[in-house]
Amino acid sequence: MEYTVNNNIVTLTFDDGKANVVGPSFLEDINAGLDRAQEEKAGAIILRGREGMFSGGFDLKEFEKGMEEGLAMVQRGFELLVRLYSFPLPLVAASTGHGIAMGAFIIMACDWRIGSRGEFKMSLPETRIGMELPPILVELTASRISRQHLTRAALLSEVYAPEQAVDAGFIDEVVDSAELAARSTAVAEQLAQLPQGQFAANKLSVRAGTLQAMSDSLEQLKAG
């Protein structure tokens with residue numbers, strides 16, 4: 001994961017050369033990047049994938065190692081979602097391509113979400129692949145996906161193109177790929193002008209109910 005700073009805007013770029021899977025190293029790196037941004041008093045943070053791929057979701061190879069390893073990864077992934085959704089600094093998701101499963105949830109947990117125009121997919125495939133959506137993911141989804149799309153996205157695992165994803169609530173806007181970096185930076189710079197103390201406090205206030213439900217779900221997972 002690459003950490004860069006420009007005009008007090010931090011960009012965390014993840015690129016594993018493949019699907020940008022959310023595994024132990026990804027989780028360690030993104031949390032370290034968030035820690036560093038806070039320590040360096042950044043104005044805002046951009047989360048960005050590689051060209052054509054934001055993230056394809058959890059690392060399936062980690063599940064193959066055994067139940068303990070898989071559960072540990074999922075728990076840390078859910079902890080990340082709570083952290084992102086309550087993070088005191090503005091977060092901008094620059095969705096460079098596909099956002100699938102955990103990749104889509106990371107995008108939804110950010111404050112402003114920009115997608116690249118193209119043949120890209122956003123989806124929550126859990127129903128289609130025979131997996132249950134735990135309450136923490138249901139709460140995050142319900143807070144971001146519009147009511148008219150909630151059944152289609154979360155229950156029916158509908159696949160959305162970028163423009164459709166705006167209407168559904170996965171992302172806020174779509175731009176050409178060549179414009180994504182500039183637009184993400186412009187939004188981040190604008191959000192960085194907001195008073196940080198009030199931004200952080202109001203984020204917690206506006207999202208209090210969802211965050212409490214997400215945290216309760218996470219604690220239940222930890223308790224087994």
# chains A, B, ... in the order shown; residues from 1 in each chain; ligands from 1
call {"tool": "select_by_dssp", "arguments": {"residues": "region 15-67 of chain A", "states": "strand (DSSP E)", "output": "number ranges by chain"}}
result
A: 44-48, 52-55
call {"tool": "write_last_selection", "arguments": {"atoms": "C-alpha atoms", "output": "PDB file, in the first residue's frame"}}
result
ATOM      1  CA  ALA A  44      -8.549  14.367   4.540  1.00  0.00           C
ATOM      2  CA  ILE A  45      -7.791  10.890   3.186  1.00  0.00           C
ATOM      3  CA  ILE A  46      -8.382   9.339  -0.227  1.00  0.00           C
ATOM      4  CA  LEU A  47      -8.671   5.554  -0.504  1.00  0.00           C
ATOM      5  CA  ARG A  48      -7.784   4.438  -4.004  1.00  0.00           C
ATOM      6  CA  GLY A  52      -9.723  -1.254 -13.023  1.00  0.00           C
ATOM      7  CA  MET A  53     -10.020  -2.670  -9.518  1.00  0.00           C
ATOM      8  CA  PHE A  54     -10.882  -1.078  -6.202  1.00  0.00           C
ATOM      9  CA  SER A  55     -11.252  -4.371  -4.335  1.00  0.00           C
TER      10      SER A  55
END
call {"tool": "residues_around", "arguments": {"residues": "Val10 (chain A)", "least_positions_apart": "5", "cutoff": "10 Å", "atoms": "only C-alpha atoms", "output": "PyMOL selection string"}}
result
chain A and resi 3-5+33-34+36-38+40-47+91+185+188
call {"tool": "residues_around", "arguments": {"residues": "Gly77 (chain A)", "least_positions_apart": "5", "cutoff": "10 Å", "atoms": "only C-alpha atoms", "output": "MDAnalysis selection string"}}
result
chainID A and resid 22:24 26:27 57:58 71:72 82:83 102 105:106
call {"tool": "write_last_selection", "arguments": {"atoms": "C-alpha atoms", "output": "compact mmCIF listing (two decimals), in the first residue's frame"}}
result
# COMPACT_ATOMS: atom_id res chain seq x y z
CA VAL A 22 -8.81 -7.69 1.79
CA GLY A 23 -6.51 -9.98 3.72
CA PRO A 24 -4.23 -9.68 6.77
CA PHE A 26 -4.18 -5.26 3.47
CA LEU A 27 -5.82 -4.73 6.85
CA GLY A 57 -13.44 -8.51 -1.33
CA PHE A 58 -11.98 -10.77 1.33
CA LEU A 71 -12.76 -15.64 11.36
CA ALA A 72 -9.80 -13.54 12.44
CA VAL A 82 -16.55 0.52 12.01
CA ARG A 83 -13.34 2.53 12.09
CA MET A 102 -15.97 -6.27 1.16
CA PHE A 105 -18.53 -2.16 1.94
CA ILE A 106 -15.27 -0.22 2.28
call {"tool": "closest_residue", "arguments": {"among": "A:Ala186, A:Ala178, A:Leu204, A:Val138", "to": "Leu155 (chain A)", "atoms": "only C-alpha atoms"}}
result
A:Val138
call {"tool": "select_by_dssp", "arguments": {"residues": "region 51-216 of chain A", "states": "alpha helix (DSSP H)", "output": "ChimeraX atom specification"}}
result
/A:60-64,67-86,102-109,135-144,147-150,162-168,180-192,196-206,208-216
call {"tool": "closest_residue", "arguments": {"among": "A:Phe63, A:Phe78, A:Phe14, A:Phe87", "to": "Glu139 (chain A)", "atoms": "only C-alpha atoms"}}
result
A:Phe78
call {"tool": "closest_atom_pairs", "arguments": {"of": "region 75-115 of chain A", "to": "region 123-135 of chain A", "cutoff": "8 Å", "atoms": "only C-alpha atoms", "output": "Markdown table"}}
result
| residue | atom | partner | partner_atom | distance |
| --- | --- | --- | --- | --- |
| A:Gly99 | CA | A:Ser123 | CA | 6.9 |
| A:Ile100 | CA | A:Ser123 | CA | 5.2 |
| A:Ala101 | CA | A:Leu124 | CA | 4.8 |
| A:Ala104 | CA | A:Ser123 | CA | 6.8 |
call {"tool": "closest_residue", "arguments": {"among": "A:Ser217, A:Ser95, A:Arg50, A:Ala168", "to": "Thr151 (chain A)", "atoms": "only C-alpha atoms"}}
result
A:Ala168
call {"tool": "atom_distance", "arguments": {"atom1": "CA of Leu12 (chain A)", "atom2": "CA of Gly56 (chain A)"}}
result
16.9 Å
call {"tool": "atom_distance", "arguments": {"atom1": "CA of Pro195 (chain A)", "atom2": "CA of Ile114 (chain A)"}}
result
22.5 Å
call {"tool": "closest_residue", "arguments": {"among": "A:Asn202, A:Ser116, A:Ser86, A:Gln212", "to": "Ser184 (chain A)", "atoms": "only C-alpha atoms"}}
result
A:Ser116
